[in-house]
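All remarks here apply to the structure that follows.
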Amino acid sequence: MAGTEQDGEAVMETGQTDRNVLTPQALSACCQQLFASGEGEQAVRLAVQAAEASRDVSILLAAGLFLARCSSRHDVTVAVFRKALLLRPSTHPAMASVRGEIKVFLAGALMAAGQNEEAMALFMEVAQTCPEHRVLVGEHLSMALLEAGLADQAEQVLAAWLKDGSSSVSLYNNMGCALERLNRSREALPYYRKGMELSSRHEAVSFGYAIALLKAGDYEEGFARYVRRIPRMPSLDCWFYQDLPRLTKDVPLEGRHILFYQEQGLGDTIQFIRFLPEIVRRAGRVTLAVLPSLARLLRESYPMVQVCLMSDLLEQPEQVADYDFSCPIPDLPYLCDLKRPEDVPPFSPYLEVPVRRRENFAQLVEAAVFRNGSGGDRSHSGRRLRVGLVWAGDSRSSVQDVAADRRRSSSFAEMMEAIGPVEADLFSLQYGVRRAELGGAGAPVVHDLMESVQDMADTAALMESLDVVISVDTAPLHLAGALGREVWLVSRWDACWRWGDQGERTPWYPTMRIFRAQELSLGPVLREVGHCLRQRVAEG
């Protein structure tokens with residue numbers, strides 16, 4: 001940080017009996033350690049408290065930069081950087097460069113908070129008045145545009161910066177990211193390679209390159225790089241990550257006990273668990289550690305393996321001697337040597353729903369339809385089409401996840417407006433806090449049986465009584481696909497790697513139809529979905 005890291009030391013109460021000197025480096029390290037240990041809220045509180053208590057610009061910048069990366073409280077981040085700027089008066093010429101740097105950080109926070117006009121003015125001011133910060137402006141401006149969902153504008157900025165000779169790992173990485181999000185993944189690859197040439201150990205660039213390779217359909221090199229990632233889990237302090245070697249493709253599995261554990265979202269587990277039987281055939285024993293919402297479904301679908309809860313496993317470090325290797329579940333395609341999209345194994349439904357549970361939910365569905373009085377409106381098949389709806393993904397806390405969720409999620413009101421009046425029986429499959437959006441004056445009748453749903457095993461049973469599932473890119477979408485149900489994906493414009501750059505179909509789920517947004521708003525693509533649904537109903 002130019003001219004700011006040696007500005008002195010701040011003192012704050014740490015909650016212990018003595019008072020400890022707090023340096024910017026110590027604050028950053030402590031916040032990062034708490035965040036990596038799953039104590040994200042405590043880390044954010046520490047950063048906010050440090051910023052409130054200090055008038056040291058270096059402390060404020062350390063707190064602000066952590067908040068910018070790890071908190072979705074953009075208003076707080078803006079306030080921290082504004083305070084830092086006020087403490088660096090403009091009267092002293094030597095402070096111009098430092099103030100320019102702070103303005104770049106403030107502009108990024110303003111953009112994240114939706115205050116785009118002020119943010120752009122600050123970015124342009126620094127680019128014009130502080131040429132020494134031109135690369136920094138390009139890096140932060142392009143990232144802010146990317147997180148706002150404006151990849152086309154980010155590409156234009158980056159093209160201008162790279163054309164004038166500016167060069168950095170982040171500029172190349174951000175250009176690769178912009179092109180991948182614009183569904184031009186092949187074009188993204190050279191920029192990621194240039195970034196890796198400048199910094200071969202830069203994890204973010206390597207991971208971005210892996211995602212672009214996968215989206216472009218190069219599964220062999222893509223998954224080989226994908227498995228180099230640090231697993232995305234609430235905490236990396238767990239004993240099975242720290243104390244067990246990570247399984248690799250060259251390890252003989254005969255007679256070994258392998259622990260596969262939940263990583264990333266529920267949808268990732270559902271997508272990749274189809275490769276588990278191949279590992280089971282080769283290994284001595286296999287244990288799955290998953291979240292409660294998936295445990296019952298996976299126990300019933302894969303009775304040949306032991307399924308336990310992640311929370312239970314965490315409390316049993318003495319079991320380390322029972323296992324030979326551990327491995328995050330999303331590594332399975334690599335371990336099974338998947339090289340191309342066309343090599344995805346031939347599909348058959350790979351999740352099980354017991355007959356009794358399927359019949360129970362079938363009765364609930366019939367009762368809901370009967371109560372609504374729609375049983376008499378028959379289609380050619382003898383009854384109205386039954387459609388499940390999911391309009392939003394799970395709520396998350398990290399900055400990048402919150403930004404991605406804004407791009408992928410709709411709202412109940414927007415989805416209902418797009419679908420409009422339709423001669424079909426609509427059922428909510430929405431989970432989490434966004435379920436509260438259901439209903440409202442004048443809204444079409446949407447049956448909500450989710451009070452009877454405890455976990456994904458119940459959701460699967462409910463889906464078995466529906467004809468079509470319409471969902472944004474979230475876990476129930478994968479569940480419907482894995483069950484072999486007809487499912488329509490409402491994909492954000494910067495589609496996830498697994499759906500490729502284009503096309504209506506995917507080898508992962510042959511019963512899926514992809515509706516791709518062509519802009520940031522999901523409104524137009526939802527209207528396309530509504531039109532196709534009404535057409536489907538009319539055809540019977």
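Labeling convention for the structure tokens: chains A, B, ... as they appear, residues from 1 per chain, ligands from 1 in order of appearance.
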
Apply DSSP to the backbone of this structure and, from segment 222-301 of chain A, keep only the residues in alpha helix (DSSP H); write these as a compact mmCIF listing (two decimals) with N, CA and C atoms, in the first residue's frame.
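result_20.txt was written with the following content:
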# COMPACT_ATOMS: atom_id res chain seq x y z
N GLY A 222 -9.28 -29.01 -17.98
CA GLY A 222 -10.09 -28.22 -17.06
C GLY A 222 -10.21 -28.85 -15.69
N PHE A 223 -10.58 -30.14 -15.64
CA PHE A 223 -10.71 -30.80 -14.34
C PHE A 223 -9.35 -31.03 -13.69
N ALA A 224 -8.29 -31.22 -14.51
CA ALA A 224 -6.95 -31.37 -13.94
C ALA A 224 -6.54 -30.11 -13.18
N ARG A 225 -6.94 -28.94 -13.68
CA ARG A 225 -6.66 -27.68 -12.97
C ARG A 225 -7.69 -27.42 -11.87
N TYR A 226 -8.92 -27.81 -12.11
CA TYR A 226 -10.01 -27.59 -11.15
C TYR A 226 -9.69 -28.23 -9.79
N TRP A 239 -10.29 -31.72 10.54
CA TRP A 239 -9.20 -32.69 10.59
C TRP A 239 -9.08 -33.51 9.31
N PHE A 240 -10.20 -33.79 8.65
CA PHE A 240 -10.11 -34.64 7.46
C PHE A 240 -9.52 -33.89 6.28
N TYR A 241 -9.48 -32.56 6.32
CA TYR A 241 -8.77 -31.79 5.30
C TYR A 241 -7.30 -31.60 5.69
N GLN A 242 -7.06 -31.35 6.96
CA GLN A 242 -5.71 -31.06 7.42
C GLN A 242 -4.86 -32.32 7.55
N LEU A 266 -25.13 -27.63 -2.67
CA LEU A 266 -25.82 -28.92 -2.75
C LEU A 266 -25.89 -29.40 -4.19
N GLY A 267 -26.08 -28.46 -5.13
CA GLY A 267 -26.18 -28.83 -6.53
C GLY A 267 -24.92 -29.50 -7.05
N ASP A 268 -23.75 -29.04 -6.59
CA ASP A 268 -22.50 -29.65 -7.02
C ASP A 268 -22.43 -31.11 -6.58
N THR A 269 -22.84 -31.37 -5.34
CA THR A 269 -22.85 -32.75 -4.85
C THR A 269 -23.80 -33.60 -5.68
N ILE A 270 -25.01 -33.09 -5.95
CA ILE A 270 -25.97 -33.87 -6.72
C ILE A 270 -25.46 -34.13 -8.13
N GLN A 271 -24.82 -33.15 -8.74
CA GLN A 271 -24.32 -33.33 -10.10
C GLN A 271 -23.23 -34.38 -10.18
N PHE A 272 -22.28 -34.33 -9.24
CA PHE A 272 -21.09 -35.16 -9.36
C PHE A 272 -21.20 -36.51 -8.67
N LEU A 276 -19.90 -41.74 -8.24
CA LEU A 276 -19.49 -42.48 -7.04
C LEU A 276 -19.43 -43.99 -7.25
N PRO A 277 -20.41 -44.62 -7.93
CA PRO A 277 -20.35 -46.09 -8.07
C PRO A 277 -19.06 -46.59 -8.69
N GLU A 278 -18.48 -45.82 -9.64
CA GLU A 278 -17.22 -46.27 -10.23
C GLU A 278 -16.12 -46.33 -9.19
N ILE A 279 -16.07 -45.35 -8.29
CA ILE A 279 -15.07 -45.37 -7.22
C ILE A 279 -15.34 -46.51 -6.26
N VAL A 280 -16.61 -46.74 -5.95
CA VAL A 280 -16.98 -47.81 -5.02
C VAL A 280 -16.53 -49.17 -5.57
N ARG A 281 -16.65 -49.37 -6.86
CA ARG A 281 -16.24 -50.65 -7.46
C ARG A 281 -14.75 -50.89 -7.30
N ARG A 282 -13.97 -49.81 -7.23
CA ARG A 282 -12.52 -49.94 -7.17
C ARG A 282 -11.96 -49.87 -5.76
N PRO A 292 -27.13 -32.18 6.34
CA PRO A 292 -28.36 -32.91 6.68
C PRO A 292 -29.38 -32.96 5.55
N SER A 293 -29.47 -31.92 4.74
CA SER A 293 -30.49 -31.89 3.70
C SER A 293 -30.28 -32.95 2.62
N LEU A 294 -29.05 -33.50 2.52
CA LEU A 294 -28.77 -34.52 1.51
C LEU A 294 -28.59 -35.91 2.09
N ALA A 295 -28.44 -36.03 3.40
CA ALA A 295 -28.03 -37.29 4.00
C ALA A 295 -29.00 -38.43 3.70
N ARG A 296 -30.29 -38.22 3.94
CA ARG A 296 -31.26 -39.30 3.76
C ARG A 296 -31.35 -39.71 2.28
N LEU A 297 -31.36 -38.74 1.38
CA LEU A 297 -31.43 -39.04 -0.05
C LEU A 297 -30.25 -39.89 -0.49
N LEU A 298 -29.05 -39.55 -0.04
CA LEU A 298 -27.86 -40.29 -0.47
C LEU A 298 -27.76 -41.65 0.21
N ARG A 299 -28.24 -41.76 1.45
CA ARG A 299 -28.27 -43.09 2.10
C ARG A 299 -29.15 -44.05 1.32
N GLU A 300 -30.30 -43.56 0.87
CA GLU A 300 -31.25 -44.41 0.15
C GLU A 300 -30.78 -44.69 -1.28
N SER A 301 -30.05 -43.76 -1.87
CA SER A 301 -29.61 -43.94 -3.25
C SER A 301 -28.33 -44.75 -3.36

- request: Identify, on the basis of only C-alpha atoms, every residue whose closest approach to Tyr192 of chain A does not exceed 10 Å; exclude the query and any residue fewer than 5 positions from it along the same chain; express the result as a VMD selection string.
  value: chain A and resid 169 to 177 187 197 204 to 210 212

- prompt: DSSP says strand (DSSP E or B) for which residues of segment 238-431 of chain A? Put them as a PyMOL selection string?
  reply: chain A and resi 246+257-261+285-290+306-309+325-328+385-390+424-428

- prompt: Could you pull the residues within 10 Å of Pro231 of chain A, counting only C-alpha atoms, minus those fewer than 3 positions along the same chain, as a PyMOL selection string?
  reply: chain A and resi 227-228+234-236+241+262-264+327-328+330

Could you write out the selected residues, including N, CA, C and O atoms, as a compact mmCIF listing (two decimals), in the first residue's frame?
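Writing done, so here's again.txt:
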# COMPACT_ATOMS: atom_id res chain seq x y z
N VAL A 227 -9.07 -29.40 -9.82
CA VAL A 227 -8.79 -30.11 -8.57
C VAL A 227 -7.65 -29.49 -7.78
O VAL A 227 -7.39 -29.90 -6.65
N ARG A 228 -6.97 -28.49 -8.36
CA ARG A 228 -5.91 -27.81 -7.61
C ARG A 228 -6.46 -26.75 -6.65
O ARG A 228 -5.71 -26.18 -5.85
N PRO A 234 -17.01 -23.86 4.80
CA PRO A 234 -17.07 -22.86 5.86
C PRO A 234 -15.77 -22.75 6.64
O PRO A 234 -15.42 -21.68 7.12
N SER A 235 -15.06 -23.87 6.77
CA SER A 235 -13.80 -23.85 7.52
C SER A 235 -12.86 -24.89 6.95
O SER A 235 -13.27 -26.00 6.61
N LEU A 236 -11.58 -24.53 6.86
CA LEU A 236 -10.56 -25.49 6.42
C LEU A 236 -9.79 -26.07 7.60
O LEU A 236 -8.78 -26.75 7.41
N TYR A 241 -9.48 -32.56 6.32
CA TYR A 241 -8.77 -31.79 5.30
C TYR A 241 -7.30 -31.60 5.69
O TYR A 241 -6.40 -31.72 4.85
N GLN A 262 -18.65 -33.14 1.50
CA GLN A 262 -19.41 -32.05 0.87
C GLN A 262 -18.54 -30.82 0.70
O GLN A 262 -17.85 -30.38 1.62
N GLU A 263 -18.58 -30.26 -0.52
CA GLU A 263 -17.90 -29.01 -0.79
C GLU A 263 -18.74 -28.20 -1.76
O GLU A 263 -19.40 -28.77 -2.62
N GLN A 264 -18.71 -26.88 -1.62
CA GLN A 264 -19.50 -25.98 -2.46
C GLN A 264 -20.99 -26.19 -2.19
O GLN A 264 -21.38 -26.48 -1.06
N CYS A 327 -11.35 -36.55 0.12
CA CYS A 327 -11.49 -35.93 -1.19
C CYS A 327 -12.80 -35.16 -1.25
O CYS A 327 -13.85 -35.68 -0.84
N PRO A 328 -12.81 -33.91 -1.75
CA PRO A 328 -14.07 -33.21 -1.97
C PRO A 328 -14.86 -33.87 -3.10
O PRO A 328 -14.29 -34.30 -4.10
N PRO A 330 -16.72 -32.75 -5.54
CA PRO A 330 -16.57 -32.27 -6.92
C PRO A 330 -15.32 -32.73 -7.67
O PRO A 330 -15.19 -32.46 -8.86

- request: Might you pull out every residue within 7 Å of segment 335-338 of chain A, with only C-alpha atoms counted and same-chain residues fewer than 4 positions away left off, and present them as a list in words?
  value: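 Residues meeting the cut-off are Tyr219, Glu220, Thr248, Lys249, Asp331, Asp343 and Val344 of chain A.
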
task: Show which residues sit within 6 Å of segment 134-142 of chain A, as a VMD selection string. Count only C-alpha atoms, and ignore same-chain residues fewer than 2 positions away.
output: chain A and resid 127 131 to 132 144 to 145 154 170 to 171

field: Shell of 8 Å around segment 519-535 of chain A, only C-alpha atoms, local chain residues under 4 positions omitted, as a list in words
entry: Gly149, Leu150, Arg407, Ser410, Glu414, Met415, Ala418, Ile419, Gly420, Val422, Glu423, Val490, Arg492, Trp493, Phe515 and Glu539 of chain A

With N, CA, C and O atoms kept, could you save the residues just selected as a PDB file, in the first residue's frame?
ATOM      1  N   GLY A 149     -22.304  -7.313 -12.828  1.00  0.00           N
ATOM      2  CA  GLY A 149     -22.930  -8.018 -13.935  1.00  0.00           C
ATOM      3  C   GLY A 149     -22.735  -7.354 -15.277  1.00  0.00           C
ATOM      4  O   GLY A 149     -23.416  -7.691 -16.240  1.00  0.00           O
ATOM      5  N   LEU A 150     -21.800  -6.412 -15.376  1.00  0.00           N
ATOM      6  CA  LEU A 150     -21.598  -5.625 -16.595  1.00  0.00           C
ATOM      7  C   LEU A 150     -20.317  -6.068 -17.294  1.00  0.00           C
ATOM      8  O   LEU A 150     -19.372  -5.304 -17.490  1.00  0.00           O
ATOM      9  N   ARG A 407     -27.440 -12.247  -9.884  1.00  0.00           N
ATOM     10  CA  ARG A 407     -27.530 -12.488 -11.319  1.00  0.00           C
ATOM     11  C   ARG A 407     -28.373 -13.724 -11.649  1.00  0.00           C
ATOM     12  O   ARG A 407     -29.014 -13.765 -12.689  1.00  0.00           O
ATOM     13  N   SER A 410     -34.411 -14.733  -9.483  1.00  0.00           N
ATOM     14  CA  SER A 410     -35.527 -13.873  -9.826  1.00  0.00           C
ATOM     15  C   SER A 410     -36.317 -13.617  -8.542  1.00  0.00           C
ATOM     16  O   SER A 410     -35.775 -13.677  -7.442  1.00  0.00           O
ATOM     17  N   GLU A 414     -41.872 -11.617 -10.178  1.00  0.00           N
ATOM     18  CA  GLU A 414     -41.384 -11.541 -11.557  1.00  0.00           C
ATOM     19  C   GLU A 414     -41.703 -12.825 -12.312  1.00  0.00           C
ATOM     20  O   GLU A 414     -42.106 -12.788 -13.481  1.00  0.00           O
ATOM     21  N   MET A 415     -41.513 -13.982 -11.655  1.00  0.00           N
ATOM     22  CA  MET A 415     -41.797 -15.249 -12.328  1.00  0.00           C
ATOM     23  C   MET A 415     -43.286 -15.382 -12.629  1.00  0.00           C
ATOM     24  O   MET A 415     -43.672 -15.820 -13.722  1.00  0.00           O
ATOM     25  N   ALA A 418     -44.348 -13.221 -15.560  1.00  0.00           N
ATOM     26  CA  ALA A 418     -43.895 -13.756 -16.836  1.00  0.00           C
ATOM     27  C   ALA A 418     -44.703 -14.975 -17.265  1.00  0.00           C
ATOM     28  O   ALA A 418     -45.039 -15.123 -18.450  1.00  0.00           O
ATOM     29  N   ILE A 419     -45.016 -15.842 -16.315  1.00  0.00           N
ATOM     30  CA  ILE A 419     -45.774 -17.044 -16.659  1.00  0.00           C
ATOM     31  C   ILE A 419     -47.214 -16.688 -16.975  1.00  0.00           C
ATOM     32  O   ILE A 419     -47.815 -17.211 -17.906  1.00  0.00           O
ATOM     33  N   GLY A 420     -47.761 -15.735 -16.193  1.00  0.00           N
ATOM     34  CA  GLY A 420     -49.108 -15.240 -16.457  1.00  0.00           C
ATOM     35  C   GLY A 420     -50.155 -16.323 -16.248  1.00  0.00           C
ATOM     36  O   GLY A 420     -49.859 -17.432 -15.790  1.00  0.00           O
ATOM     37  N   VAL A 422     -52.116 -19.427 -16.778  1.00  0.00           N
ATOM     38  CA  VAL A 422     -51.817 -20.646 -17.524  1.00  0.00           C
ATOM     39  C   VAL A 422     -52.678 -21.772 -16.965  1.00  0.00           C
ATOM     40  O   VAL A 422     -52.868 -21.875 -15.743  1.00  0.00           O
ATOM     41  N   GLU A 423     -53.228 -22.583 -17.850  1.00  0.00           N
ATOM     42  CA  GLU A 423     -54.093 -23.684 -17.437  1.00  0.00           C
ATOM     43  C   GLU A 423     -53.233 -24.858 -16.974  1.00  0.00           C
ATOM     44  O   GLU A 423     -53.146 -25.896 -17.620  1.00  0.00           O
ATOM     45  N   VAL A 490     -33.761 -21.709 -16.125  1.00  0.00           N
ATOM     46  CA  VAL A 490     -33.728 -20.284 -16.425  1.00  0.00           C
ATOM     47  C   VAL A 490     -32.318 -19.809 -16.079  1.00  0.00           C
ATOM     48  O   VAL A 490     -31.999 -19.518 -14.931  1.00  0.00           O
ATOM     49  N   ARG A 492     -28.953 -17.527 -16.031  1.00  0.00           N
ATOM     50  CA  ARG A 492     -28.468 -16.157 -16.122  1.00  0.00           C
ATOM     51  C   ARG A 492     -27.646 -16.009 -17.402  1.00  0.00           C
ATOM     52  O   ARG A 492     -27.160 -16.998 -17.965  1.00  0.00           O
ATOM     53  N   TRP A 493     -27.469 -14.773 -17.843  1.00  0.00           N
ATOM     54  CA  TRP A 493     -26.796 -14.545 -19.123  1.00  0.00           C
ATOM     55  C   TRP A 493     -25.348 -15.010 -19.103  1.00  0.00           C
ATOM     56  O   TRP A 493     -24.817 -15.479 -20.104  1.00  0.00           O
ATOM     57  N   PHE A 515     -32.960 -22.299 -21.036  1.00  0.00           N
ATOM     58  CA  PHE A 515     -33.399 -21.003 -21.533  1.00  0.00           C
ATOM     59  C   PHE A 515     -32.363 -19.979 -21.077  1.00  0.00           C
ATOM     60  O   PHE A 515     -32.204 -19.744 -19.873  1.00  0.00           O
ATOM     61  N   GLU A 539     -50.691 -27.799 -26.330  1.00  0.00           N
ATOM     62  CA  GLU A 539     -50.433 -29.014 -27.103  1.00  0.00           C
ATOM     63  C   GLU A 539     -50.896 -30.267 -26.377  1.00  0.00           C
ATOM     64  O   GLU A 539     -51.045 -31.315 -26.996  1.00  0.00           O
TER      65      GLU A 539
END

Which segment 58-114 of chain A residues have any atom within 9 Å of an atom of segment 39-52 of chain A, and for each, what is the nearest pair of atoms with distance in Å to one decimal, counting only C-alpha atoms, rows sorted by chain and number, as a Markdown table?
| residue | atom | partner | partner_atom | distance |
| --- | --- | --- | --- | --- |
| A:Ile59 | CA | A:Ala51 | CA | 6.8 |
| A:Leu60 | CA | A:Ala51 | CA | 5.2 |
| A:Leu61 | CA | A:Ala51 | CA | 8.5 |
| A:Ala62 | CA | A:Ala47 | CA | 8.2 |
| A:Ala63 | CA | A:Ala47 | CA | 4.8 |
| A:Gly64 | CA | A:Ala47 | CA | 7.6 |
| A:Phe66 | CA | A:Ala47 | CA | 7.4 |
| A:Leu67 | CA | A:Val44 | CA | 6.7 |
| A:Cys70 | CA | A:Val44 | CA | 7.8 |
| A:Ser71 | CA | A:Val44 | CA | 6.9 |
| A:Val76 | CA | A:Val48 | CA | 7.9 |
| A:Thr77 | CA | A:Val48 | CA | 8.7 |
| A:Val80 | CA | A:Ala51 | CA | 6.5 |
| A:Lys83 | CA | A:Ala51 | CA | 8.7 |

Please produce an output containing N, CA, C and O atoms for each residue in the selection, written as a compact mmCIF listing (two decimals), in the first residue's frame.
# COMPACT_ATOMS: atom_id res chain seq x y z
N ILE A 59 -4.85 1.25 9.32
CA ILE A 59 -5.82 0.35 9.94
C ILE A 59 -7.14 0.40 9.18
O ILE A 59 -7.78 -0.63 8.90
N LEU A 60 -7.58 1.59 8.83
CA LEU A 60 -8.83 1.75 8.09
C LEU A 60 -8.77 1.04 6.74
O LEU A 60 -9.73 0.39 6.32
N LEU A 61 -7.64 1.16 6.05
CA LEU A 61 -7.51 0.49 4.76
C LEU A 61 -7.50 -1.02 4.92
O LEU A 61 -8.11 -1.74 4.12
N ALA A 62 -6.82 -1.52 5.93
CA ALA A 62 -6.81 -2.97 6.17
C ALA A 62 -8.23 -3.47 6.45
O ALA A 62 -8.66 -4.50 5.91
N ALA A 63 -8.96 -2.73 7.28
CA ALA A 63 -10.35 -3.11 7.59
C ALA A 63 -11.22 -3.01 6.34
O ALA A 63 -12.02 -3.92 6.04
N GLY A 64 -11.09 -1.90 5.60
CA GLY A 64 -11.93 -1.70 4.42
C GLY A 64 -11.68 -2.73 3.34
O GLY A 64 -12.63 -3.23 2.71
N PHE A 66 -10.56 -5.78 3.73
CA PHE A 66 -11.14 -7.05 4.15
C PHE A 66 -12.65 -7.05 3.94
O PHE A 66 -13.23 -8.00 3.41
N LEU A 67 -13.31 -5.97 4.36
CA LEU A 67 -14.76 -5.89 4.21
C LEU A 67 -15.16 -5.93 2.74
O LEU A 67 -16.18 -6.53 2.38
N CYS A 70 -14.95 -9.63 1.76
CA CYS A 70 -15.62 -10.69 2.52
C CYS A 70 -16.97 -10.33 3.10
O CYS A 70 -17.59 -11.16 3.75
N SER A 71 -17.43 -9.10 2.92
CA SER A 71 -18.72 -8.70 3.49
C SER A 71 -19.61 -8.10 2.42
O SER A 71 -19.14 -7.37 1.55
N VAL A 76 -21.22 -0.15 4.86
CA VAL A 76 -20.19 -0.06 5.90
C VAL A 76 -18.82 0.11 5.26
O VAL A 76 -18.01 0.93 5.71
N THR A 77 -18.55 -0.66 4.21
CA THR A 77 -17.26 -0.55 3.52
C THR A 77 -17.06 0.86 2.96
O THR A 77 -15.97 1.44 3.08
N VAL A 80 -16.10 3.23 5.77
CA VAL A 80 -14.71 3.06 6.22
C VAL A 80 -13.76 3.79 5.28
O VAL A 80 -12.85 4.52 5.72
N LYS A 83 -13.99 7.56 5.64
CA LYS A 83 -13.29 8.01 6.84
C LYS A 83 -11.79 8.10 6.56
O LYS A 83 -11.12 9.08 6.95

- prompt: Which polymer residues have any atom within 6 Å of an atom of Pro349 of chain A, counting only C-alpha atoms, with same-chain residues fewer than 6 positions away left out, as number ranges by chain?
  reply: A: 482-484

Please write the residues from the selection above to a file, keeping N, CA, C and O atoms, as a tab-separated table (two decimals), in the first residue's frame.
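Printed below is part21.tsv as written:
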chain	number	residue	atom	x	y	z
A	482	ALA	N	-31.22	-35.07	-11.98
A	482	ALA	CA	-30.70	-36.36	-11.54
A	482	ALA	C	-31.80	-37.41	-11.43
A	482	ALA	O	-31.54	-38.61	-11.57
A	483	LEU	N	-33.05	-36.96	-11.19
A	483	LEU	CA	-34.19	-37.87	-11.13
A	483	LEU	C	-34.73	-38.21	-12.51
A	483	LEU	O	-35.60	-39.08	-12.65
A	484	GLY	N	-34.23	-37.50	-13.53
A	484	GLY	CA	-34.73	-37.72	-14.88
A	484	GLY	C	-36.06	-37.05	-15.15
A	484	GLY	O	-36.75	-37.38	-16.10

message: Taking only C-alpha atoms into account, name the residue in A:Asp56, A:Glu342, A:Asp473, A:Glu504 that is nearest to Asp218 of chain A.
response: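 Among the listed residues, the smallest separation from Asp218 of chain A belongs to A:Glu342.
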
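Among the candidates A:Pro24, A:Met233, A:Asn372, A:Thr511, the one nearest to Gly265 of chain A when counting only C-alpha atoms is A:Met233.
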
task: Measure the distance from atom CA of Ala188 of chain A to atom CA of Glu147 of chain A in Å and round it to one decimal.
output: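 Spanning atom CA of Ala188 of chain A to atom CA of Glu147 of chain A is a straight-line distance of 17.3 Å.
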
- request: Tell me which of A:Tyr191, A:Trp161, A:Phe370, A:Phe260 sits closest to Ile329 of chain A, counting only C-alpha atoms.
  value: A:Phe260

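Atom CA of Val468 of chain A to atom CA of Trp488 of chain A spans 7.4 Å [interatomic distance, one decimal].
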